[in-house]
Structures are given as C-alpha cells and as structure tokens.
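Engineer: See query_16.pdb below, with PDB, C-alpha atoms, pLDDT in the B column.
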ATOM      1  CA  MET A   1     -30.981  10.307 -34.348  1.00 55.00           C
ATOM      2  CA  MET A   2     -31.594  10.951 -30.665  1.00 55.00           C
ATOM      3  CA  LYS A   3     -28.926   9.654 -28.291  1.00 55.00           C
ATOM      4  CA  GLN A   4     -30.187   7.216 -25.653  1.00 50.00           C
ATOM      5  CA  PRO A   5     -29.231   7.991 -22.041  1.00 53.00           C
ATOM      6  CA  LYS A   6     -26.563   5.808 -20.516  1.00 56.00           C
ATOM      7  CA  PRO A   7     -27.958   3.282 -18.013  1.00 60.00           C
ATOM      8  CA  GLN A   8     -27.243   4.461 -14.487  1.00 69.00           C
ATOM      9  CA  ALA A   9     -24.750   2.366 -12.533  1.00 83.00           C
ATOM     10  CA  VAL A  10     -25.738   1.155  -9.073  1.00 91.00           C
ATOM     11  CA  ILE A  11     -22.940   0.136  -6.732  1.00 93.00           C
ATOM     12  CA  GLU A  12     -23.772  -1.786  -3.593  1.00 95.00           C
ATOM     13  CA  VAL A  13     -21.753  -0.778  -0.536  1.00 94.00           C
ATOM     14  CA  THR A  14     -21.503  -2.545   2.821  1.00 95.00           C
ATOM     15  CA  LYS A  15     -20.851  -0.767   6.140  1.00 95.00           C
ATOM     16  CA  ASP A  16     -17.254  -2.018   6.245  1.00 95.00           C
ATOM     17  CA  GLU A  17     -16.552  -0.082   2.998  1.00 93.00           C
ATOM     18  CA  LEU A  18     -17.581   3.279   4.483  1.00 94.00           C
ATOM     19  CA  PRO A  19     -16.711   6.043   3.997  1.00 94.00           C
ATOM     20  CA  MET A  20     -17.353   5.571   0.260  1.00 93.00           C
ATOM     21  CA  HIS A  21     -16.211   7.953  -2.413  1.00 93.00           C
ATOM     22  CA  CYS A  22     -16.739   8.291  -6.138  1.00 92.00           C
ATOM     23  CA  PRO A  23     -15.037   7.327  -8.308  1.00 89.00           C
ATOM     24  CA  ALA A  24     -14.894   4.092  -6.338  1.00 79.00           C
ATOM     25  CA  PRO A  25     -11.427   2.642  -5.610  1.00 72.00           C
ATOM     26  CA  ASN A  26     -11.960  -0.176  -8.136  1.00 74.00           C
ATOM     27  CA  ALA A  27     -13.401   2.021 -10.918  1.00 74.00           C
ATOM     28  CA  ASP A  28     -11.869   1.661 -14.377  1.00 73.00           C
ATOM     29  CA  LEU A  29     -11.645   5.420 -14.743  1.00 65.00           C
ATOM     30  CA  TRP A  30     -10.595   6.243 -11.184  1.00 57.00           C
ATOM     31  CA  ASN A  31      -9.523   9.739 -12.256  1.00 62.00           C
ATOM     32  CA  SER A  32     -12.584  10.605 -14.365  1.00 78.00           C
ATOM     33  CA  HIS A  33     -13.740  13.365 -11.968  1.00 89.00           C
ATOM     34  CA  PRO A  34     -12.704  14.826  -8.604  1.00 91.00           C
ATOM     35  CA  ARG A  35     -13.195  12.521  -5.627  1.00 91.00           C
ATOM     36  CA  VAL A  36     -16.443  13.194  -3.806  1.00 93.00           C
ATOM     37  CA  PHE A  37     -17.548  11.376  -0.661  1.00 95.00           C
ATOM     38  CA  ILE A  38     -20.988   9.749  -0.757  1.00 95.00           C
ATOM     39  CA  PRO A  39     -23.018  10.344   2.465  1.00 94.00           C
ATOM     40  CA  LEU A  40     -24.297   6.805   3.054  1.00 95.00           C
ATOM     41  CA  GLU A  41     -24.105   7.242   6.832  1.00 87.00           C
ATOM     42  CA  ASP A  42     -27.179   9.501   6.639  1.00 85.00           C
ATOM     43  CA  THR A  43     -29.252   7.751   3.966  1.00 92.00           C
ATOM     44  CA  PRO A  44     -29.283   4.221   2.486  1.00 95.00           C
ATOM     45  CA  GLU A  45     -28.919   5.487  -1.098  1.00 97.00           C
ATOM     46  CA  ALA A  46     -27.124   8.470  -2.609  1.00 97.00           C
ATOM     47  CA  SER A  47     -25.777   9.468  -6.002  1.00 95.00           C
ATOM     48  CA  CYS A  48     -22.602  11.132  -7.191  1.00 94.00           C
ATOM     49  CA  SER A  49     -23.131  14.766  -8.131  1.00 93.00           C
ATOM     50  CA  TYR A  50     -20.582  14.450 -10.963  1.00 91.00           C
ATOM     51  CA  CYS A  51     -21.442  11.238 -12.791  1.00 89.00           C
ATOM     52  CA  GLY A  52     -24.798  10.160 -11.346  1.00 92.00           C
ATOM     53  CA  THR A  53     -23.587   6.746 -10.148  1.00 92.00           C
ATOM     54  CA  VAL A  54     -25.943   5.529  -7.422  1.00 95.00           C
ATOM     55  CA  TYR A  55     -24.449   4.052  -4.257  1.00 96.00           C
ATOM     56  CA  LYS A  56     -26.710   1.843  -2.161  1.00 97.00           C
ATOM     57  CA  LEU A  57     -25.967   0.744   1.411  1.00 97.00           C
ATOM     58  CA  VAL A  58     -26.714  -2.968   1.839  1.00 96.00           C
ATOM     59  CA  ASP A  59     -26.117  -5.591   4.530  1.00 94.00           C
ATOM     60  CA  LYS A  60     -24.806  -8.073   1.968  1.00 93.00           C
ATOM     61  CA  LYS A  61     -23.961  -7.582  -1.702  1.00 89.00           C
ATOM     62  CA  SER A  62     -26.171  -9.368  -4.213  1.00 86.00           C
ATOM     63  CA  SER A  63     -24.689 -11.562  -6.920  1.00 76.00           C
ATOM     64  CA  ASN A  64     -25.974  -9.236  -9.666  1.00 63.00           C
ATOM     65  CA  SER A  65     -24.279  -6.093  -8.332  1.00 51.00           C
ATOM     66  CA  SER A  66     -22.881  -3.898 -11.113  1.00 50.00           C
ATOM     67  CA  GLU A  67     -19.683  -3.381  -9.148  1.00 48.00           C
ATOM     68  CA  LYS A  68     -16.621  -4.700 -10.956  1.00 44.00           C
TER      69      LYS A  68
END
Translate the structure described by the file into structure tokens.

Structural biologist:
Amino acid sequence: MMKQPKPQAVIEVTKDELPMHCPAPNADLWNSHPRVFIPLEDTPEASCSYCGTVYKLVDKKSSNSSEK
C-alpha cells in the first residue's frame, strides 16, 4: 500500500511575530529539528527547509489558521 503524503501545515504570521523561526515557539515538537529562521521580511510566504511547514505573512490571522 502506498503511503499518502502528510498534509502540509500552513502557519499564519503577523508582522509583530517577526522574526519567525521553525519550529514555531508554540509547536508541539519544538525540538523536532534545528531552529531555522523563516525570511518573511523578503517574501509573504516561505517554507521550512527541514519540515516543509509553510509560513504566510498576513495582516490579521484567519479563524481557520492551522496554528495551535
């Protein structure tokens, strides 16, 4: 049986949370990989090179954000 890919997490980030790093401060597995800073100052969306989590710069977080 072929394994289905894990759905990619998208975390919304506001300007007051910058600089953002992954794993995020509120992540369940905060020590799952080395901390890497996400360059949201240069682009409105970027992903973690370790786990693929997508970080999206927004003005205001939506109610259906996957952030915990």

Engineer: With only C-alpha atoms as the atoms that count, which of A:Thr14, A:Ala9, A:Leu40, A:Ser49 lies nearest to Ser62 of chain A?

Structural biologist: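 Going through A:Thr14, A:Ala9, A:Leu40, A:Ser49 one by one, the smallest distance to Ser62 of chain A is for A:Thr14.
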
Engineer: Measuring atom to atom with all atoms listed in the file, identify which of A:Phe37, A:Lys61, A:Lys56, A:Ala46 is nearest to Ala24 of chain A.

Structural biologist: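 Among the listed residues, A:Phe37 lies closest to Ala24 of chain A.
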
Engineer: Kindly indicate which residue among A:Ile38, A:His33, A:Pro44, A:Gly52 lies nearest to His21 of chain A, using only C-alpha atoms for the distances.

Structural biologist: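 With only C-alpha atoms as the atom set, the closest residue is A:Ile38.
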
Engineer: Set the distance at 10 Å and use all atoms listed in the file: which residues neighbour Pro39 of chain A once local chain neighbours fewer than 5 positions away are removed? I'd like the list as number ranges by chain.

Structural biologist: A: 18-21, 44-48, 55

Engineer: Taking every listed atom of segment 15-28 of chain A and adding 8 Å to each side, what centre and edge lengths in Å (one decimal) does the axis-aligned box have, as lines of an AutoDock Vina configuration file?

Structural biologist:
center_x = -16.1
center_y = 3.1
center_z = -4.1
size_x = 25.4
size_y = 26.3
size_z = 36.6

Engineer: Report the distance between atom CA of Tyr50 of chain A and atom CA of Glu12 of chain A in Å, rounded to one decimal place.

Structural biologist: 18.1 Å

Engineer: Quick one: distance from atom CA of Lys15 of chain A to atom CA of Arg35 of chain A in Å, one decimal?

Structural biologist: 19.3 Å

Engineer: Please indicate the distance in Å from atom CA of Lys60 of chain A to atom CA of Asp16 of chain A, rounded to one decimal place.

Structural biologist: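 Computed distance, atom CA of Lys60 of chain A to atom CA of Asp16 of chain A, equals 10.6 Å.
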